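Below: the structure, in structure tokens.
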Amino acid sequence: MIWQFIQEIWQFVYETRQFLTNGLITGILYSLLAIGFALVYNTTRIFHMAAAALYIVAAYAFYFFSRDIKLPIILSAFFAIGITMVMSLAIDKGVYLPLKNKKASLNVVMISSIGVMTILINLIAMLFGNETKIIDSAIQAKYNLGAISITAPQMYQAIVGTTVLLGFFIFIRTSYWGLLFKALSDDDVLFETLGYKIHKTRSIIFLLSGAFIALASCLTVYDIGLNPHMGMIVLINAMVAMIIGGSGRFNTCILGGIFLGVLQAIVDVLDVSNWYNAITFVVLLLFLFWRPQGIAGYKKRTV
Amino acid sequence: MDFILDIIIKLNIYIILVLSANLPIGMANRLTMCQAAFYGIGAYISAYFLIKCNFSFLVVALIVMFLTGLFSLIVSFASSKLKGDYFILASLGFQMIVYTILYNWVEVTRGPYGIRITESLKFIGKRSLSEDNTNNAFLFISILIALIIVYYSRKKLATLSKHRLWHFKFKFKHKFNIESYLFIAYNILFAVITLTPLFDFIEHPYFSAIIILIYYACFIVYLLKWLSNLTAMSVSRFKVISYILLPLGFIFILITNYSSPSYNYKYFVFTLLLLQIVVMILRWLKSSPYGRILKAMRSDELSIEALGRNPVVFKSWAFFLSACFTALAGLIYASYANYIDPTIFTLNESIFIVSALFIGGVGNIKGPIAGAVFVVLLPEILRFVGMPDSLAADMRQIMYGLSLVLVMYYRPQGLLGETTLK
């Protein structure tokens, strides 16, 4: 019976392999953004809504360098990532740190974060206009891998995304800084008491988070175009990926992102793609009620 | 004129929205992000009742408020299970689910096409008073009788006012005190509100004139009090101002109301009355035993539990009442704008309501009102300054964000708030 079940699942996977591949690639993008959010959220407990604005900043910086200044795509992506990293650090130094020094509550910090998000997104809408824009208007090349066809942007997303995620996985597991991040997310008071430099670690966390958000943004935007109000919904999906994957850890974001991507691919297969958001959030609510720590999270870490 | 009235109607609706958001956020200490979902549910249910059923306003309002309140049980269930950021995410999820359903369930909600509401609000009495002279006389005689009754029973009313169900707390020390007369006028107003479903007064030009007169007078009293507070002198010094302003305003209002009032004017009066009722109920709620338990719960939830109260029940009531009043705002919006579609009730609207609340301040009545006034009137000032329309929308959002950040940094309790959020 189990063998039959496995066979049926294989049949389903085989029939929907195109959708599932797309879902996996979307999932990689979600995991990148989720890591960007989780880096800040797990360590400082800030509900980092301004990440949506950073996503938009990266997208428009990418657009500006590649279309208005006409730099090569890769160079402009690097510039966009750099700008977003600086912006992320600036948000920390300009808004979050002063509030933390005033001992403001986390909800107050979150509301300020919403304020920052509103300012940045609308500033960009004012500068660049509200309409949807496209970075590369040429028809993209298609690669056929067996029966699965993948467009060139999707190829970049898969390759760059997988490489970076793998790198991050190893970085968090083995490096000194990964250990520091984990320590900070465990107990920030003890972290400070034991003499580690909390401000320096925080700065690096914000820089890294900006880089991840910008990378996700550039990879997405190169494929589907950009408008200033797309950040919010993508960020919320990333948050859902983070919660589903597992709270309090970093690598679980990858799990959650890919889970969410595949889930949305299955929604696509069932031909009810209008109901994306509803299904995503129903799954989120189910997780919150039945398994609040996520698939592979630590049980004790609830805020 | 209609333009200004439109802004004020919008303002009244937003004040109701922000005040009802204050119940779970400010009083029950639960940060929710799904107020626009209740707003939308209320608007859609009321659209159904306005189009399909020939009910009067009060019946529609009660049904809509109750049904929307039932939806709030989902959120209060989530609030009983989840803590902190997880609850914020859950309420965000509820908002997104409701929006998706409103947008995609085309068979029921007509989805992105929106619903056009051709019926207007009805009150039980079908006759229009303005056409009939005998009814005019009846109106004035009834108001006169009410005035006489209220004047002779003012001592009783003064004791009643200790319960703070009334907006003003006045003491009758002097016989000819402008405040005491205002208090009497207030009571007449309340009597008229309760009679409104019976007599269809709202259609009547003089009715709206009377209400606006009373509000105008209240405004002048506030002005005098404020001036006397500012200069630390007694109110009587500034009475001269009221001698000039009152008759002038009265004459102006009577002249403008001589012809039959416009659509906006009727809704202006109507929303003002409803807002007044909501404020009165919330004021009473805040000083009632329930409100005091909420206040105690806000500072220490564990101790309330130790004293034998169940916080889940109180929080659920806060969500229920909040959803009720939000639905009332939805009803007003649906009947005023005559058109609803799901893009009004997005997550951004929720965030907007919450940021208005935080700019104004949480916990009391005047904080949310100040926030709503700030948030609605600021962009209108921008419009008068002469921003081009393409930039104005974005500029308005930027100013909200900026004021949110500045208020959170320099004054975390908001402009006029009672407490800071934990």
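We label chains A, B, ... in the order they appear in the structure tokens, count residues from 1 in each chain, and number ligands from 1 in the order shown.
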
- Message: Counting only C-alpha atoms, a student should be able to say which residues of chain A come within 10 Å of chain B; what is the right answer, written as a ChimeraX atom specification?
- Response: /A:45-47,95-96,98-99,102,104-127,129-130,232-233,236,239-240,243,274-286,288-289,292,302-303

- Query: Could you pull out the helix (DSSP H, G or I) residues of segment 39-232 of chain A from DSSP and send them as a VMD selection string?
  - Reply: chain A and resid 39 to 44 50 to 68 73 to 101 106 to 128 152 to 174 176 to 186 188 to 193 198 to 224 231 to 232

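As for atom CA of Phe191 of chain A and atom CA of Leu89 of chain A, they are spaced 20.7 Å apart.
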
- Message: Using only C-alpha atoms, which protein or nucleic acid residues come within 10 Å of Gln140 of chain A? Drop anything in the same chain fewer than 5 positions from it, and give the result as a list in words.
- Response: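 Returned residues: Ile150, Thr151, Ala152, Pro153, Gln154 and Asp223 of chain A.
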
- Give the answer as one residue: which of A:Tyr143, A:Phe62, A:Tyr176, A:Tyr14 has the shortest atom-to-atom distance to Phe79 of chain A, using only C-alpha atoms?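 Closest to Phe79 of chain A of all the choices is A:Phe62.
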
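Contact shell of Ala59 of chain A at 10 Å (only C-alpha atoms; same-chain neighbours under 2 positions omitted): Ala53, Leu54, Tyr55, Ile56, Val57, Ala61, Phe62, Tyr63, Phe64, Ala77, Ala80, Ile81, Thr84, Ile135, Ile213, Ala214, Leu215, Ala216, Ser217, Cys218, Leu219, Thr220, Val221, Tyr222, Gly225, Leu226, Asn227, Pro228 and Gly231 of chain A.
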